[in-house]
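Undergrad: Got a structure here, written out as structure tokens. Questions coming.
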Amino acid sequence: MNYRIYKLKKGELLLACLEAATLIGLTAFCFYNSIWVFLVFPAVLPLYLREKQKALAERRRKELKIQFKDAVQSIAAALAAGYSAENALREAVKDLQMMYSKDTDMVQEMAAMVRKMDSNQTMEAAVFDFAERSGIEEAQTFAEIFAVAKRGGGDLIGIMKDTARTISETIETERQVAAVLASKRYEQRIMNKIPFAMIFYLRTGCPGFLDPLYHDVTGICVMTVCLGLYGGAWYLGNEFLRIEV
């Protein structure tokens, strides 16, 4: 599984299609007062699904990073108890199964590593394969250091502990940043809804007030420009609040 790519499940796909249809419907009602806007739905839907997949893939990688940190800590504890690296991995699978459900991504990945070792693949190759697919920078760095340390007889316990500490610090920093930006994100979500709310209020509370902007070339151009400005503001707002740690 490539964790950089997220494949929507049937329920998620249906929900995303409904969300896209609702968005098109609100745009059609508020900005154009025409059902003909739904003609752009086939063009808008792939873009919306792509953004949805990116958001869900990012969320899954964040969860995987936390699980990976716990896995590394479990392996380090097993190594400290005297297990070899391979047996430490097997013990870590048991620890993770007590912490997470069996269908959790990291539990599945660790079990797959054990099966690969049972098929005479090296532990380094199994870890490298996961790191390449994970999309987690710490996992890729760990795989490279682990391979060198295992071949050269390095301090595996120290490497495991350092990796777990680094990931923990990164996760804690991300949580602190998220806490600082939480109010701003909430404000942005409200601001994103205000244009639709204002137009909806004018259309329902003052019938005919916005009629000059509909079914007229000049009015359609004005509303299109407004919609473009709204889209640009929405995009910039998301970019400003997207901070990589």
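By order in the structure tokens, chains are A, B, ...; within a chain, residues start at 1; ligands start at 1, following the order shown.
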Quick one: residues within 10 Å of stretch 137-141 of chain A, only C-alpha atoms counted, chain neighbours fewer than 2 positions away excluded, as a list of chain:residue names?

TA: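 Once the nearby chain positions are removed, what remains is A:Lys65, A:Phe68, A:Lys69, A:Val72, A:Val127, A:Phe128, A:Asp129, A:Phe130, A:Ala131, A:Glu132, A:Arg133, A:Ser134, A:Gly135, A:Ala143, A:Glu144, A:Ile145, A:Phe146, A:Thr163, A:Ala164, A:Thr166, A:Ile167, A:Thr170.
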
Undergrad: Tell me which protein, DNA and RNA residues are within 12 Å of stretch 183-194 of chain A, counting only C-alpha atoms, leaving out same-chain ones fewer than 4 positions away, and put them as a list in words.

TA: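 Residues near the query, excluding close chain neighbours: Leu23, Leu26, Thr27, Cys30, Val177, Ala178, Ala179, Met198, Ile199, Phe200, Tyr201, Leu227, Leu229, Tyr230, Gly231, Gly232, Ala233, Trp234, Tyr235, Leu236, Gly237, Asn238, Glu239, Phe240, Leu241 and Arg242 of chain A.
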
Undergrad: Compile the contact shell of stretch 85-87 of chain A as a count of residues only: residues with an atom at most 12 Å away, counting only C-alpha atoms, same-chain residues fewer than 5 positions apart removed.

TA: 36

Undergrad: Excluding A:Asp105 and any residue of its chain fewer than 4 positions from it, enumerate the residues within 10 Å of it, using only C-alpha atoms, and give them as a list in words.

TA: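 Counting only C-alpha atoms, the residues come to Met1, Tyr3, Arg60, Arg61, Glu63, Leu64, Gln67, Phe68, Tyr100, Ser101, Glu109, Met110 and Ala111 of chain A.
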
Undergrad: Which of these, A:Ala112, A:Cys221, A:Val148, A:Cys226, has the shortest distance to A:Phe196 once you count only C-alpha atoms?

TA: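 Looking at the shortest contact to A:Phe196, the residue is A:Cys226.
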
Undergrad: Give me, as number ranges by chain, the residues of stretch 26-146 of chain A that a backbone DSSP run labels alpha helix (DSSP H).

TA: A: 26-27, 41-80, 85-99, 105-118, 123-134, 137-146

Undergrad: Using atom CA of A:Ile5 and atom CA of A:Lys62 as the two end points, give the distance in Å to one decimal.

TA: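 Rounded to one decimal, the two atoms are 13.6 Å apart.
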